[in-house]
Amino acid sequence: MSNRRPSIGVFDSGFGGLTVLKELVALIPDADYLYFGDTARLPYGSKSTETVAKYAVEATHFLEQQGANLLVVACNTATALALDQIMRGAAVPVVGVVEPGAERAASSSKNRKIVVIGTEATVASHAYMKALQARGVQAREKACPLLVPLVEEGWIEHAVTEQVARIYLDEAFGDGFQSADVLVLGCTHYPLIKPLLQRVAPPHITIVDSAESTAQAVLALLKLNPPPTSFAKERRQLPRVRVFATDSVEKFRRLGARFLGHAIEDVEHVDLKE
């Protein structure tokens, strides 16, 4: 990474990656941030690997053009399906969300049995299962397709959301996985319902949030490539954050505030040409 202030580009197909941005800003407040939400082309989960890779590489190049010198793929689907293509197409270091989440989960598990919940596309890729198996951990993946729309509807503490989550987790921890001791949130929407999931999960479960784990991985990378001394002396109360979306900026401001935890004043509309 170049020897200048970190300018961290964060990419997602929509809003969920804002939970990763929230953790990054809290952990690394002195960096600059560029967030790109490809809201005009979501969801990525229903698209082919080739299409996801194409969109993700386009987003990568856009963020690099805006000055990003480190890229965070804050999208489980893009990480699971296209991380290799993104890394080949990028001229800057790239961090995805799967490996950090798997590493934290493996280190948190005492009995080496872990449950991962995510979208259908992420689960179908088996990215988390492969990453956990490589660490000697037995994993079960469970697709929870109803949770994302419930979160985006704002039903964070709704009884319906709790009932749906309970059904999913009862299935995930059944049939020989009752002893699993870690639950991985393999979707960046899920941190918003983490308290609800903690309530309905078995009481002995540790929840691993891939957004938190990814922020820690970025911090570790920055420590290996420290910025110049002048960067350390120049501290700000608030980081510089620029937000870009490929669809309605009004909708992004409205929904995005739920994920980031505060209002988003400025969202720039961009149109990535096919």
# chains A, B, ... in the order shown; residues from 1 in each chain; ligands from 1
$ residues_around --residues "His269 (chain A)" --least-positions-apart "2" --cutoff "8 Å" --atoms "only C-alpha atoms" --output "ChimeraX atom specification"
/A:244-249,267,271
$ write_last_selection --atoms "N, CA and C atoms" --output "PDB file, in the first residue's frame"
ATOM      1  N   PHE A 244     -21.403   6.743  -2.559  1.00  0.00           N
ATOM      2  CA  PHE A 244     -21.866   6.701  -3.945  1.00  0.00           C
ATOM      3  C   PHE A 244     -22.914   5.596  -4.082  1.00  0.00           C
ATOM      4  N   ALA A 245     -23.944   5.843  -4.883  1.00  0.00           N
ATOM      5  CA  ALA A 245     -24.971   4.838  -5.148  1.00  0.00           C
ATOM      6  C   ALA A 245     -25.361   4.899  -6.614  1.00  0.00           C
ATOM      7  N   THR A 246     -25.729   3.746  -7.164  1.00  0.00           N
ATOM      8  CA  THR A 246     -26.085   3.698  -8.585  1.00  0.00           C
ATOM      9  C   THR A 246     -27.589   3.825  -8.810  1.00  0.00           C
ATOM     10  N   ASP A 247     -28.367   3.946  -7.733  1.00  0.00           N
ATOM     11  CA  ASP A 247     -29.804   4.152  -7.866  1.00  0.00           C
ATOM     12  C   ASP A 247     -30.209   5.335  -6.996  1.00  0.00           C
ATOM     13  N   SER A 248     -31.451   5.418  -6.609  1.00  0.00           N
ATOM     14  CA  SER A 248     -32.011   6.569  -5.903  1.00  0.00           C
ATOM     15  C   SER A 248     -31.189   6.967  -4.673  1.00  0.00           C
ATOM     16  N   VAL A 249     -30.733   8.213  -4.662  1.00  0.00           N
ATOM     17  CA  VAL A 249     -29.972   8.693  -3.499  1.00  0.00           C
ATOM     18  C   VAL A 249     -30.901   8.912  -2.307  1.00  0.00           C
ATOM     19  N   VAL A 267     -25.167  11.733  -0.601  1.00  0.00           N
ATOM     20  CA  VAL A 267     -24.988  10.538  -1.408  1.00  0.00           C
ATOM     21  C   VAL A 267     -24.887  10.982  -2.856  1.00  0.00           C
ATOM     22  N   ASP A 271     -23.308   6.483 -12.393  1.00  0.00           N
ATOM     23  CA  ASP A 271     -23.838   5.570 -13.406  1.00  0.00           C
ATOM     24  C   ASP A 271     -22.658   4.845 -14.034  1.00  0.00           C
TER      25      ASP A 271
END
$ residues_around --residues "Ser46 (chain A)" --least-positions-apart "3" --cutoff "10 Å" --atoms "only C-alpha atoms" --output "list in words"
Leu42, Pro43, Thr49, Thr51, Val52, Thr77, Glu120 and Ala121 of chain A
$ write_last_selection --atoms "N, CA and C atoms" --output "short mmCIF file (atom, residue, chain, number, x, y, z; two decimals), in the first residue's frame"
data_model
loop_
_atom_site.label_atom_id
_atom_site.label_comp_id
_atom_site.auth_asym_id
_atom_site.auth_seq_id
_atom_site.Cartn_x
_atom_site.Cartn_y
_atom_site.Cartn_z
N LEU A 42 -28.67 -4.52 -7.62
CA LEU A 42 -28.89 -5.56 -6.62
C LEU A 42 -30.19 -6.30 -6.92
N PRO A 43 -30.40 -7.52 -6.41
CA PRO A 43 -29.45 -8.26 -5.57
C PRO A 43 -28.45 -9.02 -6.43
N THR A 49 -22.11 -16.05 -11.51
CA THR A 49 -20.78 -15.71 -11.01
C THR A 49 -20.09 -14.73 -11.95
N THR A 51 -21.44 -12.48 -13.94
CA THR A 51 -22.02 -11.14 -13.83
C THR A 51 -21.59 -10.47 -12.54
N VAL A 52 -21.61 -11.21 -11.44
CA VAL A 52 -21.17 -10.64 -10.16
C VAL A 52 -19.73 -10.18 -10.26
N THR A 77 -21.75 -12.07 -0.97
CA THR A 77 -21.94 -12.72 -2.26
C THR A 77 -20.76 -12.44 -3.18
N GLU A 120 -28.90 -17.14 0.18
CA GLU A 120 -28.86 -18.37 -0.60
C GLU A 120 -27.61 -18.44 -1.47
N ALA A 121 -27.22 -17.31 -2.06
CA ALA A 121 -26.05 -17.32 -2.94
C ALA A 121 -24.77 -17.60 -2.17
#
$ closest_atom_pairs --of "region 46-81 of chain A" --to "region 207-217 of chain A" --cutoff "12 Å" --atoms "only C-alpha atoms" --output "CSV"
residue,atom,partner,partner_atom,distance
A:Leu71,CA,A:Thr214,CA,11.5
A:Val72,CA,A:Thr214,CA,8.2
A:Val73,CA,A:Thr214,CA,9.4
A:Ala74,CA,A:Ala211,CA,7.8
A:Cys75,CA,A:Ala211,CA,9.8
A:Asn76,CA,A:Ser210,CA,9.1
A:Thr79,CA,A:Thr214,CA,11.8
$ closest_residue --among "A:Cys187, A:Ala124, A:Ala201, A:Met87" --to "Ser13 (chain A)" --atoms "only C-alpha atoms"
A:Cys187
$ closest_residue --among "A:Arg242, A:Arg254, A:Lys22, A:Arg135" --to "Gly67 (chain A)" --atoms "only C-alpha atoms"
A:Arg242
$ atom_distance --atom1 "CA of Leu34 (chain A)" --atom2 "CA of Pro149 (chain A)"
25.3 Å
